[in-house]
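K.L.:
Dropping in my_file14.cif, with mmCIF, C-alpha atoms and all ligand atoms.
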```
data_structure
loop_
_atom_site.group_PDB
_atom_site.id
_atom_site.type_symbol
_atom_site.label_atom_id
_atom_site.label_comp_id
_atom_site.auth_asym_id
_atom_site.auth_seq_id
_atom_site.Cartn_x
_atom_site.Cartn_y
_atom_site.Cartn_z
ATOM 1 C CA MET A 612 -19.001 -11.655 -20.879
ATOM 2 C CA ASN A 613 -20.745 -8.929 -18.943
ATOM 3 C CA LYS A 614 -21.352 -10.505 -15.587
ATOM 4 C CA LYS A 615 -19.171 -9.030 -12.895
ATOM 5 C CA VAL A 616 -17.128 -11.268 -10.631
ATOM 6 C CA LEU A 617 -16.995 -8.647 -7.872
ATOM 7 C CA THR A 618 -20.675 -8.411 -7.093
ATOM 8 C CA GLY A 619 -20.512 -6.480 -3.847
ATOM 9 C CA GLU A 620 -20.707 -9.645 -1.793
ATOM 10 C CA LYS A 621 -18.260 -9.239 1.110
ATOM 11 C CA ILE A 622 -14.798 -10.688 0.661
ATOM 12 C CA THR A 623 -12.372 -11.255 3.546
ATOM 13 C CA ILE A 624 -8.646 -11.457 2.794
ATOM 14 C CA SER A 625 -6.347 -13.719 4.829
ATOM 15 C CA ILE A 626 -2.608 -13.333 5.217
ATOM 16 C CA LYS A 627 -1.436 -16.095 7.531
ATOM 17 C CA ASP A 628 -3.436 -15.415 10.739
ATOM 18 C CA LEU A 629 -4.328 -11.894 9.734
ATOM 19 C CA LYS A 630 -7.795 -11.151 8.347
ATOM 20 C CA ILE A 631 -8.780 -8.023 6.469
ATOM 21 C CA GLY A 632 -12.419 -7.150 6.058
ATOM 22 C CA ASP A 633 -15.547 -5.779 7.663
ATOM 23 C CA ASN A 634 -15.824 -8.399 10.390
ATOM 24 C CA HIS A 635 -12.284 -7.768 11.575
ATOM 25 C CA SER A 636 -10.500 -4.878 13.204
ATOM 26 C CA PRO A 637 -8.582 -2.488 10.916
ATOM 27 C CA ILE A 638 -5.096 -3.533 9.845
ATOM 28 C CA PHE A 639 -2.078 -1.312 10.172
ATOM 29 C CA ILE A 640 0.566 -1.380 7.462
ATOM 30 C CA ALA A 641 3.608 0.798 8.027
ATOM 31 C CA GLY A 642 7.210 1.211 6.994
ATOM 32 C CA PRO A 643 9.449 3.387 4.908
ATOM 33 C CA CYS A 644 8.649 4.535 1.384
ATOM 34 C CA SER A 645 11.871 2.801 0.298
ATOM 35 C CA VAL A 646 14.084 0.149 1.791
ATOM 36 C CA GLU A 647 17.410 1.996 2.036
ATOM 37 C CA SER A 648 19.693 -0.365 3.952
ATOM 38 C CA LYS A 649 19.600 -3.537 5.995
ATOM 39 C CA GLU A 650 19.924 -1.524 9.223
ATOM 40 C CA GLN A 651 17.227 1.011 8.297
ATOM 41 C CA ILE A 652 14.558 -1.579 7.541
ATOM 42 C CA LEU A 653 15.478 -3.837 10.456
ATOM 43 C CA GLU A 654 15.369 -1.018 13.010
ATOM 44 C CA THR A 655 12.055 0.195 11.582
ATOM 45 C CA ALA A 656 10.545 -3.289 11.548
ATOM 46 C CA LEU A 657 11.453 -4.114 15.144
ATOM 47 C CA LYS A 658 10.143 -0.808 16.504
ATOM 48 C CA LEU A 659 6.947 -0.965 14.450
ATOM 49 C CA LYS A 660 6.286 -4.515 15.633
ATOM 50 C CA GLU A 661 6.677 -3.336 19.218
ATOM 51 C CA ILE A 662 4.184 -0.524 18.542
ATOM 52 C CA GLY A 663 1.729 -3.121 17.242
ATOM 53 C CA ILE A 664 1.513 -3.007 13.431
ATOM 54 C CA HIS A 665 0.391 -5.987 11.350
ATOM 55 C CA VAL A 666 2.273 -5.667 8.042
ATOM 56 C CA LEU A 667 5.658 -4.147 7.176
ATOM 57 C CA ARG A 668 5.932 -2.100 3.983
ATOM 58 C CA GLY A 669 9.016 -1.068 2.043
ATOM 59 C CA GLY A 670 9.536 -0.192 -1.623
ATOM 60 C CA VAL A 671 12.401 -1.848 -3.486
ATOM 61 C CA PHE A 672 11.330 -1.157 -7.081
ATOM 62 C CA LYS A 673 10.460 2.537 -6.937
ATOM 63 C CA PRO A 674 8.370 4.301 -9.577
ATOM 64 C CA ARG A 675 10.029 7.740 -9.401
ATOM 65 C CA THR A 676 8.995 10.766 -11.421
ATOM 66 C CA SER A 677 12.618 11.584 -12.223
ATOM 67 C CA PRO A 678 15.010 8.960 -13.576
ATOM 68 C CA TYR A 679 17.745 10.689 -11.575
ATOM 69 C CA ASP A 680 16.037 10.002 -8.238
ATOM 70 C CA PHE A 681 16.710 6.911 -6.105
ATOM 71 C CA GLN A 682 15.199 3.941 -7.917
ATOM 72 C CA GLY A 683 15.217 1.422 -5.065
ATOM 73 C CA LEU A 684 17.572 -1.375 -3.994
ATOM 74 C CA GLU A 685 15.713 -3.980 -6.065
ATOM 75 C CA ILE A 686 16.568 -7.607 -5.198
ATOM 76 C CA GLU A 687 19.037 -6.612 -2.501
ATOM 77 C CA GLY A 688 16.304 -4.519 -0.859
ATOM 78 C CA LEU A 689 13.809 -7.337 -1.217
ATOM 79 C CA LYS A 690 16.138 -9.583 0.779
ATOM 80 C CA TYR A 691 16.597 -6.940 3.488
ATOM 81 C CA LEU A 692 12.829 -6.442 3.677
ATOM 82 C CA LYS A 693 12.249 -10.181 4.020
ATOM 83 C CA GLU A 694 14.943 -10.521 6.688
ATOM 84 C CA ALA A 695 13.449 -7.608 8.633
ATOM 85 C CA GLY A 696 9.948 -9.067 8.322
ATOM 86 C CA ASP A 697 11.186 -12.440 9.565
ATOM 87 C CA ALA A 698 13.115 -10.861 12.444
ATOM 88 C CA ALA A 699 10.041 -8.912 13.546
ATOM 89 C CA ASN A 700 7.598 -11.701 12.704
ATOM 90 C CA LEU A 701 5.646 -9.450 10.331
ATOM 91 C CA PRO A 702 4.279 -10.208 6.857
ATOM 92 C CA ILE A 703 5.691 -7.892 4.175
ATOM 93 C CA ILE A 704 4.307 -5.900 1.289
ATOM 94 C CA THR A 705 6.243 -4.372 -1.585
ATOM 95 C CA GLU A 706 5.454 -2.924 -4.992
ATOM 96 C CA LEU A 707 5.729 -4.942 -8.182
ATOM 97 C CA MET A 708 6.347 -2.658 -11.166
ATOM 98 C CA ASP A 709 6.563 -5.084 -14.033
ATOM 99 C CA GLU A 710 5.748 -8.620 -14.942
ATOM 100 C CA LYS A 711 9.352 -9.630 -15.431
ATOM 101 C CA ASN A 712 9.925 -9.403 -11.657
ATOM 102 C CA MET A 713 6.723 -11.160 -10.675
ATOM 103 C CA ASP A 714 8.225 -14.527 -9.708
ATOM 104 C CA LEU A 715 10.913 -12.795 -7.701
ATOM 105 C CA VAL A 716 8.504 -10.580 -5.768
ATOM 106 C CA LEU A 717 6.097 -13.484 -5.234
ATOM 107 C CA GLU A 718 8.905 -15.527 -3.716
ATOM 108 C CA TYR A 719 9.483 -12.913 -1.003
ATOM 109 C CA ALA A 720 6.392 -10.783 -0.455
ATOM 110 C CA ASP A 721 3.180 -11.735 1.370
ATOM 111 C CA ILE A 722 1.155 -9.011 -0.355
ATOM 112 C CA ILE A 723 1.899 -7.637 -3.831
ATOM 113 C CA GLN A 724 1.419 -3.893 -4.122
ATOM 114 C CA ILE A 725 0.346 -2.454 -7.462
ATOM 115 C CA GLY A 726 1.103 1.232 -7.512
ATOM 116 C CA SER A 727 -0.967 4.103 -8.742
ATOM 117 C CA ARG A 728 0.997 4.340 -11.980
ATOM 118 C CA ASN A 729 0.277 0.717 -12.866
ATOM 119 C CA MET A 730 -3.431 0.599 -12.101
ATOM 120 C CA TYR A 731 -4.094 0.850 -15.842
ATOM 121 C CA ASN A 732 -1.513 -1.792 -16.787
ATOM 122 C CA TYR A 733 -4.002 -4.373 -17.993
ATOM 123 C CA SER A 734 -1.477 -7.025 -18.973
ATOM 124 C CA LEU A 735 -0.025 -6.831 -15.465
ATOM 125 C CA LEU A 736 -3.538 -6.980 -13.949
ATOM 126 C CA LYS A 737 -4.321 -10.108 -15.993
ATOM 127 C CA ALA A 738 -1.090 -11.722 -14.804
ATOM 128 C CA LEU A 739 -2.056 -10.935 -11.188
ATOM 129 C CA GLY A 740 -5.320 -12.753 -11.816
ATOM 130 C CA LYS A 741 -3.365 -15.956 -12.242
ATOM 131 C CA ILE A 742 -1.655 -15.850 -8.855
ATOM 132 C CA LYS A 743 -3.125 -16.643 -5.451
ATOM 133 C CA LYS A 744 -1.381 -14.153 -3.202
ATOM 134 C CA PRO A 745 -3.237 -11.018 -2.103
ATOM 135 C CA VAL A 746 -2.818 -7.948 -4.271
ATOM 136 C CA LEU A 747 -3.040 -4.426 -2.876
ATOM 137 C CA LEU A 748 -4.416 -2.368 -5.745
ATOM 138 C CA LYS A 749 -3.823 1.347 -5.352
ATOM 139 C CA ARG A 750 -6.095 3.798 -7.086
ATOM 140 C CA GLY A 751 -4.639 5.392 -10.202
ATOM 141 C CA MET A 752 -3.876 9.030 -9.557
ATOM 142 C CA SER A 753 -6.421 10.112 -12.150
ATOM 143 C CA ALA A 754 -8.678 7.097 -12.022
ATOM 144 C CA SER A 755 -12.416 7.414 -11.642
ATOM 145 C CA ILE A 756 -14.179 5.088 -9.255
ATOM 146 C CA ARG A 757 -15.430 3.044 -12.197
ATOM 147 C CA GLU A 758 -11.967 2.721 -13.718
ATOM 148 C CA TRP A 759 -10.543 1.658 -10.365
ATOM 149 C CA SER A 760 -13.261 -0.926 -9.763
ATOM 150 C CA MET A 761 -12.779 -2.252 -13.306
ATOM 151 C CA ALA A 762 -9.041 -2.622 -12.646
ATOM 152 C CA ALA A 763 -9.941 -4.788 -9.637
ATOM 153 C CA GLU A 764 -12.435 -6.632 -11.815
ATOM 154 C CA TYR A 765 -9.607 -7.511 -14.236
ATOM 155 C CA ILE A 766 -7.646 -9.258 -11.483
ATOM 156 C CA ALA A 767 -10.755 -11.003 -10.176
ATOM 157 C CA ALA A 768 -12.034 -11.989 -13.621
ATOM 158 C CA TYR A 769 -8.725 -13.676 -14.394
ATOM 159 C CA GLY A 770 -8.982 -15.733 -11.225
ATOM 160 C CA ASN A 771 -7.747 -13.902 -8.133
ATOM 161 C CA LYS A 772 -10.260 -12.333 -5.764
ATOM 162 C CA ASN A 773 -7.658 -11.746 -3.058
ATOM 163 C CA ILE A 774 -7.629 -8.008 -3.581
ATOM 164 C CA ILE A 775 -7.309 -5.172 -1.107
ATOM 165 C CA LEU A 776 -8.083 -1.734 -2.494
ATOM 166 C CA CYS A 777 -6.104 1.318 -1.418
ATOM 167 C CA GLU A 778 -7.323 4.905 -1.734
ATOM 168 C CA ARG A 779 -4.195 7.058 -2.058
ATOM 169 C CA GLY A 780 -5.568 10.354 -3.289
ATOM 170 C CA ILE A 781 -6.287 11.694 -6.740
ATOM 171 C CA ARG A 782 -4.981 14.595 -8.766
ATOM 172 C CA THR A 783 -7.224 17.634 -8.706
ATOM 173 C CA PHE A 784 -6.853 21.403 -9.221
ATOM 174 C CA GLU A 785 -5.774 21.629 -5.574
ATOM 175 C CA THR A 786 -2.010 21.909 -5.187
ATOM 176 C CA TYR A 787 -1.717 22.642 -1.455
ATOM 177 C CA THR A 788 -1.771 18.906 -0.819
ATOM 178 C CA ARG A 789 0.139 16.384 -2.974
ATOM 179 C CA ASN A 790 -3.158 14.687 -3.854
ATOM 180 C CA THR A 791 -6.779 15.071 -2.820
ATOM 181 C CA LEU A 792 -7.715 12.199 -0.522
ATOM 182 C CA ASP A 793 -11.101 10.985 -1.756
ATOM 183 C CA LEU A 794 -12.635 9.414 1.331
ATOM 184 C CA ALA A 795 -16.054 9.117 -0.291
ATOM 185 C CA ALA A 796 -14.466 6.436 -2.458
ATOM 186 C CA VAL A 797 -14.022 4.207 0.620
ATOM 187 C CA PRO A 798 -17.698 3.374 1.308
ATOM 188 C CA ILE A 799 -18.480 3.445 -2.420
ATOM 189 C CA MET A 800 -15.772 0.932 -3.354
ATOM 190 C CA LYS A 801 -16.644 -1.287 -0.392
ATOM 191 C CA LYS A 802 -20.246 -1.400 -1.541
ATOM 192 C CA GLU A 803 -19.539 -1.758 -5.266
ATOM 193 C CA THR A 804 -16.879 -4.462 -5.041
ATOM 194 C CA GLY A 805 -17.289 -6.086 -1.627
ATOM 195 C CA LEU A 806 -13.510 -5.871 -1.244
ATOM 196 C CA PRO A 807 -11.763 -4.422 1.791
ATOM 197 C CA VAL A 808 -10.548 -0.863 1.266
ATOM 198 C CA ILE A 809 -7.634 0.708 3.103
ATOM 199 C CA VAL A 810 -6.365 4.289 3.005
ATOM 200 C CA ASP A 811 -2.865 5.682 2.442
ATOM 201 C CA PRO A 812 -2.933 9.189 3.924
ATOM 202 C CA SER A 813 0.818 9.603 3.282
ATOM 203 C CA HIS A 814 0.548 9.814 -0.513
ATOM 204 C CA GLY A 815 -3.025 11.029 -0.118
ATOM 205 C CA THR A 816 -1.885 14.319 1.405
ATOM 206 C CA GLY A 817 1.905 14.473 1.104
ATOM 207 C CA ILE A 818 2.001 16.441 4.360
ATOM 208 C CA ARG A 819 3.183 14.906 7.633
ATOM 209 C CA GLU A 820 0.833 16.983 9.805
ATOM 210 C CA LEU A 821 -2.201 15.720 7.898
ATOM 211 C CA ILE A 822 -1.513 12.018 8.402
ATOM 212 C CA ALA A 823 -3.112 11.794 11.863
ATOM 213 C CA PRO A 824 -6.371 13.646 11.139
ATOM 214 C CA MET A 825 -6.848 11.866 7.798
ATOM 215 C CA SER A 826 -6.118 8.462 9.381
ATOM 216 C CA LYS A 827 -8.894 9.049 11.895
ATOM 217 C CA ALA A 828 -11.248 10.254 9.182
ATOM 218 C CA ALA A 829 -10.465 7.170 7.085
ATOM 219 C CA LEU A 830 -11.333 4.801 9.934
ATOM 220 C CA ALA A 831 -14.455 6.813 10.739
ATOM 221 C CA CYS A 832 -15.777 6.266 7.211
ATOM 222 C CA GLY A 833 -15.175 2.518 7.336
ATOM 223 C CA ALA A 834 -11.669 1.931 6.001
ATOM 224 C CA ASN A 835 -10.433 -1.594 6.761
ATOM 225 C CA GLY A 836 -6.913 -0.399 7.467
ATOM 226 C CA LEU A 837 -4.237 2.211 6.970
ATOM 227 C CA MET A 838 -0.927 2.221 5.151
ATOM 228 C CA ILE A 839 1.420 4.890 6.473
ATOM 229 C CA GLU A 840 5.010 5.804 5.612
ATOM 230 C CA VAL A 841 7.314 5.774 8.637
ATOM 231 C CA HIS A 842 11.063 6.430 8.670
ATOM 232 C CA PRO A 843 13.542 6.384 11.568
ATOM 233 C CA ASN A 844 15.002 9.654 10.255
ATOM 234 C CA PRO A 845 12.694 11.324 7.705
ATOM 235 C CA GLU A 846 15.137 14.196 7.082
ATOM 236 C CA LYS A 847 17.591 11.676 5.619
ATOM 237 C CA ALA A 848 15.045 9.561 3.718
ATOM 238 C CA LEU A 849 15.879 8.790 0.069
ATOM 239 C CA SER A 850 12.206 9.171 -0.905
ATOM 240 C CA ASP A 851 9.094 10.805 0.543
ATOM 241 C CA GLY A 852 10.737 12.015 3.768
ATOM 242 C CA HIS A 853 8.471 15.078 3.862
ATOM 243 C CA GLN A 854 5.392 12.902 4.278
ATOM 244 C CA SER A 855 6.940 10.257 6.548
ATOM 245 C CA LEU A 856 6.264 10.045 10.264
ATOM 246 C CA THR A 857 9.053 9.372 12.722
ATOM 247 C CA LEU A 858 8.695 6.199 14.794
ATOM 248 C CA ASP A 859 7.642 8.299 17.796
ATOM 249 C CA GLN A 860 5.037 10.189 15.779
ATOM 250 C CA TYR A 861 3.676 6.901 14.467
ATOM 251 C CA LYS A 862 3.473 5.450 17.958
ATOM 252 C CA GLU A 863 1.562 8.480 19.155
ATOM 253 C CA LEU A 864 -0.945 8.153 16.320
ATOM 254 C CA PHE A 865 -1.262 4.391 16.771
ATOM 255 C CA ASP A 866 -1.901 4.673 20.513
ATOM 256 C CA GLU A 867 -4.442 7.419 19.968
ATOM 257 C CA ILE A 868 -6.356 5.378 17.407
ATOM 258 C CA LYS A 869 -6.300 2.249 19.555
HETATM 259 C C1 LIG B 901 4.243 3.973 -2.530
HETATM 260 O O1 LIG B 901 3.390 3.388 -1.852
HETATM 261 O O2 LIG B 901 5.412 4.154 -2.135
HETATM 262 C C2 LIG B 901 3.862 4.548 -3.836
HETATM 263 C C3 LIG B 901 4.755 4.761 -4.789
HETATM 264 O O3 LIG B 901 2.553 4.849 -3.887
HETATM 265 P P1 LIG B 901 1.632 5.292 -5.141
HETATM 266 O O4 LIG B 901 1.726 4.194 -6.127
HETATM 267 O O5 LIG B 901 0.297 5.443 -4.498
HETATM 268 O O6 LIG B 901 2.170 6.605 -5.651
HETATM 269 MN MN MN B 902 6.226 6.857 -1.102
#
```
Show me this structure written as structure tokens.
Ligand code: PEP
Ligand code: MN
P.N.:
Amino acid sequence: MNKKVLTGEKITISIKDLKIGDNHSPIFIAGPCSVESKEQILETALKLKEIGIHVLRGGVFKPRTSPYDFQGLEIEGLKYLKEAGDAANLPIITELMDEKNMDLVLEYADIIQIGSRNMYNYSLLKALGKIKKPVLLKRGMSASIREWSMAAEYIAAYGNKNIILCERGIRTFETYTRNTLDLAAVPIMKKETGLPVIVDPSHGTGIRELIAPMSKAALACGANGLMIEVHPNPEKALSDGHQSLTLDQYKELFDEIK
């Protein structure tokens, strides 16, 4: 088998009434790195809905570098995220880390996020090929463009072409930023796969002040959306507070882009 399923022919992804792709306006995904409490995610969801976002994010299974860091609220967090999404009338996205939680995450989430660390998890990618829900496939932190497009090809080849790609920065010799945001990958991946590509400038830079300029740059080069970490009180966040925008900062950026 050497014929690719993702030929470059344009694919539009639908989540309820929401469409993601070149013939539609960019989608805005926002929310905290981690769901921390019922109140935190509900407050964030309601304010973000008022600002105008399309999808609420929140991690409940967290892939942390240190085993001593906050690992996420797991099923409890998933329920809080779902309740907040329902209250705000927003679809939700959360990360799936391993196959054993797939049915659980599928029951709650509208989009399944596959994190950078799992982009090379081929058994997980094959399993995602057998579902119908959209998958947001983040670029592996050291993945080449070919490796990333082949990871998407795995999901598609096993039966699911509902894939949104997410450029989230790659590891380079540069240490000033958390990662190096590779915006050239956006038009390349759009052309190579035909899939919509969004950008995550939060992990892509790791620096709050860089989120706004990199968001604008991402849209200028054709990104089909943005995923940004927002927290009602970043100083108190249990993960990634340093790169999270406050609700006011997010509103300012959102209004400017609109
Ligand atoms: C995240 O979105 O919170 C996350 C862990 O991202 P990544 O997989 O890109 O590091
Ligand atoms: Mn994060």
K.L.:
Residues picked by the PyMOL selection byres (((chain A and resi 803) around 12) and not hetatm) here, as an mmCIF file with C-alpha atoms, in the frame of the given file?
P.N.:
```cif
data_model
loop_
_atom_site.group_PDB
_atom_site.id
_atom_site.type_symbol
_atom_site.label_atom_id
_atom_site.label_comp_id
_atom_site.auth_asym_id
_atom_site.auth_seq_id
_atom_site.Cartn_x
_atom_site.Cartn_y
_atom_site.Cartn_z
ATOM 1 C CA LYS A 615 -19.171 -9.030 -12.895
ATOM 2 C CA VAL A 616 -17.128 -11.268 -10.631
ATOM 3 C CA LEU A 617 -16.995 -8.647 -7.872
ATOM 4 C CA THR A 618 -20.675 -8.411 -7.093
ATOM 5 C CA GLY A 619 -20.512 -6.480 -3.847
ATOM 6 C CA GLU A 620 -20.707 -9.645 -1.793
ATOM 7 C CA LYS A 621 -18.260 -9.239 1.110
ATOM 8 C CA ILE A 622 -14.798 -10.688 0.661
ATOM 9 C CA ILE A 756 -14.179 5.088 -9.255
ATOM 10 C CA ARG A 757 -15.430 3.044 -12.197
ATOM 11 C CA TRP A 759 -10.543 1.658 -10.365
ATOM 12 C CA SER A 760 -13.261 -0.926 -9.763
ATOM 13 C CA MET A 761 -12.779 -2.252 -13.306
ATOM 14 C CA ALA A 763 -9.941 -4.788 -9.637
ATOM 15 C CA GLU A 764 -12.435 -6.632 -11.815
ATOM 16 C CA LEU A 776 -8.083 -1.734 -2.494
ATOM 17 C CA ALA A 796 -14.466 6.436 -2.458
ATOM 18 C CA VAL A 797 -14.022 4.207 0.620
ATOM 19 C CA PRO A 798 -17.698 3.374 1.308
ATOM 20 C CA ILE A 799 -18.480 3.445 -2.420
ATOM 21 C CA MET A 800 -15.772 0.932 -3.354
ATOM 22 C CA LYS A 801 -16.644 -1.287 -0.392
ATOM 23 C CA LYS A 802 -20.246 -1.400 -1.541
ATOM 24 C CA THR A 804 -16.879 -4.462 -5.041
ATOM 25 C CA GLY A 805 -17.289 -6.086 -1.627
ATOM 26 C CA LEU A 806 -13.510 -5.871 -1.244
ATOM 27 C CA PRO A 807 -11.763 -4.422 1.791
ATOM 28 C CA VAL A 808 -10.548 -0.863 1.266
#
```
K.L.:
How close does chain A get to ligand LIG 901 (chain B)? List, as JSON lines, each residue of chain A within 7 Å, its nearest atom pair and the distance in Å to one decimal, counting all atoms listed in the file.
P.N.:
```
{"residue": "A:Cys644", "atom": "CA", "partner": "B:LIG901", "partner_atom": "O2", "distance": 4.8}
{"residue": "A:Gly670", "atom": "CA", "partner": "B:LIG901", "partner_atom": "O2", "distance": 6.0}
{"residue": "A:Lys673", "atom": "CA", "partner": "B:LIG901", "partner_atom": "C3", "distance": 6.5}
{"residue": "A:Pro674", "atom": "CA", "partner": "B:LIG901", "partner_atom": "C3", "distance": 6.0}
{"residue": "A:Ile725", "atom": "CA", "partner": "B:LIG901", "partner_atom": "O4", "distance": 6.9}
{"residue": "A:Gly726", "atom": "CA", "partner": "B:LIG901", "partner_atom": "O4", "distance": 3.3}
{"residue": "A:Ser727", "atom": "CA", "partner": "B:LIG901", "partner_atom": "O4", "distance": 3.8}
{"residue": "A:Arg728", "atom": "CA", "partner": "B:LIG901", "partner_atom": "O4", "distance": 5.9}
{"residue": "A:Lys749", "atom": "CA", "partner": "B:LIG901", "partner_atom": "O5", "distance": 5.9}
{"residue": "A:Arg779", "atom": "CA", "partner": "B:LIG901", "partner_atom": "O5", "distance": 5.4}
{"residue": "A:His814", "atom": "CA", "partner": "B:LIG901", "partner_atom": "O5", "distance": 5.9}
```
K.L.:
Which of these residues is nearest to A:Arg675, using all atoms listed in the file: A:Pro812, A:Asp721, A:Ala831, A:Ser645?
P.N.:
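Checking each of A:Pro812, A:Asp721, A:Ala831, A:Ser645 against A:Arg675, counting all atoms listed in the file, the winner is A:Ser645.
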K.L.:
Could you list, as a PyMOL selection string, all the residues within 12 Å of ligand MN 902 (chain B), counting all atoms listed in the file?
P.N.:
chain A and resi 641-646+668-676+681-683+705-706+726-727+779+789+811-818+838-842+845+848-856
K.L.:
Just to confirm, what's the straight-line distance from atom CA of A:Thr783 to atom CA of A:Gly751 in Å (one decimal)?
P.N.:
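Computed distance, atom CA of A:Thr783 to atom CA of A:Gly751, equals 12.6 Å.
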K.L.:
One number please: atom CA of A:Lys737 to atom CA of A:Met708, in Å, one decimal.
P.N.:
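Calculated distance between atom CA of A:Lys737 and atom CA of A:Met708 is 13.9 Å.
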K.L.:
So which residues get picked by the PyMOL selection byres (((chain A and resi 712) around 12) and not hetatm) here, written as a list in words?
P.N.:
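Written out, the selection comes to Val671, Phe672, Glu685, Ile686, Leu689, Thr705, Glu706, Leu707, Met708, Asp709, Glu710, Lys711, Met713, Asp714, Leu715, Val716, Leu717, Glu718, Tyr719, Ala720, Ile723, Leu735 and Ala738 of chain A.
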K.L.:
At a cut-off of 7 Å, using all atoms listed in the file, what residues contact A:Asn773? Leave out same-chain residues fewer than 6 positions from it and give the result as JSON, numbers by chain.
P.N.:
{"A": [624, 744, 745, 746]}
K.L.:
Which one of A:Leu792, A:Ala699, A:Met730, A:Ala768 sits closest to A:Gly663 if you count only C-alpha atoms?
P.N.:
A:Ala699
K.L.:
How far is it from atom CA of A:Leu653 to atom CA of A:His665, in Å with one decimal?
P.N.:
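Interatomic distance, atom CA of A:Leu653 to atom CA of A:His665: 15.3 Å.
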K.L.:
Mind checking which residues fall within 8 Å of A:Leu858, counting only C-alpha atoms, ignoring those fewer than 3 positions away in the same chain, and posting them as a list of chain:residue names?
P.N.:
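Listed by chain and then number, they are A:Thr655, A:Lys658, A:Leu659, A:Val841, A:His842, A:Pro843, A:Tyr861, A:Lys862.
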K.L.:
Out of A:Asp633, A:Asn771, A:Ile722, A:Ile742, which residue has the shortest atom-to-atom distance to A:Gly833 when counting all atoms listed in the file?
P.N.:
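Among A:Asp633, A:Asn771, A:Ile722, A:Ile742, it is A:Asp633 that comes nearest to A:Gly833.
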K.L.:
Using only C-alpha atoms, which of the listed residues (A:Asn790, A:Asn835, A:Ser648, A:Ser755) sits closest to A:Val810?
P.N.:
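Selected residue with least distance to A:Val810: A:Asn835.
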K.L.:
Using only C-alpha atoms, which of the listed residues (A:Thr786, A:Ser826, A:Thr791, A:Asn729) sits closest to A:Glu867?
P.N.:
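Going through A:Thr786, A:Ser826, A:Thr791, A:Asn729 one by one, the smallest distance to A:Glu867 is for A:Ser826.
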K.L.:
Considering all atoms listed in the file, state which residue in the set A:Gln724, A:Ile775, A:Arg782, A:Cys832 is at the smallest distance from A:Ala795.
P.N.:
A:Cys832
K.L.:
Using 4 Å of padding on each side, determine the axis-aligned box around all atoms of stretch 814-832 of chain A present in the file and give its centre and edge lengths in Å to one decimal, as AutoDock Vina command-line options.
P.N.:
```
--center_x -6.3 --center_y 10.9 --center_z 5.7 --size_x 27.0 --size_y 20.2 --size_z 20.4
```
K.L.:
Determine the residue membership of the PyMOL selection byres (((chain A and resi 696) around 10) and not hetatm) for the file above and supply it as an mmCIF file with C-alpha atoms, keeping the file's coordinate frame.
P.N.:
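New file out_19.cif:
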```cif
data_model
loop_
_atom_site.group_PDB
_atom_site.id
_atom_site.type_symbol
_atom_site.label_atom_id
_atom_site.label_comp_id
_atom_site.auth_asym_id
_atom_site.auth_seq_id
_atom_site.Cartn_x
_atom_site.Cartn_y
_atom_site.Cartn_z
ATOM 1 C CA ILE A 652 14.558 -1.579 7.541
ATOM 2 C CA LEU A 653 15.478 -3.837 10.456
ATOM 3 C CA ALA A 656 10.545 -3.289 11.548
ATOM 4 C CA LEU A 657 11.453 -4.114 15.144
ATOM 5 C CA LYS A 660 6.286 -4.515 15.633
ATOM 6 C CA VAL A 666 2.273 -5.667 8.042
ATOM 7 C CA LEU A 667 5.658 -4.147 7.176
ATOM 8 C CA ARG A 668 5.932 -2.100 3.983
ATOM 9 C CA LYS A 690 16.138 -9.583 0.779
ATOM 10 C CA TYR A 691 16.597 -6.940 3.488
ATOM 11 C CA LEU A 692 12.829 -6.442 3.677
ATOM 12 C CA LYS A 693 12.249 -10.181 4.020
ATOM 13 C CA GLU A 694 14.943 -10.521 6.688
ATOM 14 C CA ALA A 695 13.449 -7.608 8.633
ATOM 15 C CA ASP A 697 11.186 -12.440 9.565
ATOM 16 C CA ALA A 698 13.115 -10.861 12.444
ATOM 17 C CA ALA A 699 10.041 -8.912 13.546
ATOM 18 C CA ASN A 700 7.598 -11.701 12.704
ATOM 19 C CA LEU A 701 5.646 -9.450 10.331
ATOM 20 C CA PRO A 702 4.279 -10.208 6.857
ATOM 21 C CA ILE A 703 5.691 -7.892 4.175
ATOM 22 C CA ILE A 704 4.307 -5.900 1.289
ATOM 23 C CA ALA A 720 6.392 -10.783 -0.455
#
```
K.L.:
Starting from the point (-2.7, 4.5, 15.8), work out which residues of protein, DNA or RNA have an atom no more than 10 Å away when counting all atoms listed in the file; state them as a list in words.
P.N.:
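Protein, DNA and RNA residues close to (-2.7, 4.5, 15.8): Phe639, Ile662, Gly663, Ile664, Ala823, Ser826, Lys827, Leu837, Gln860, Tyr861, Lys862, Glu863, Leu864, Phe865, Asp866, Glu867, Ile868 and Lys869 of chain A.
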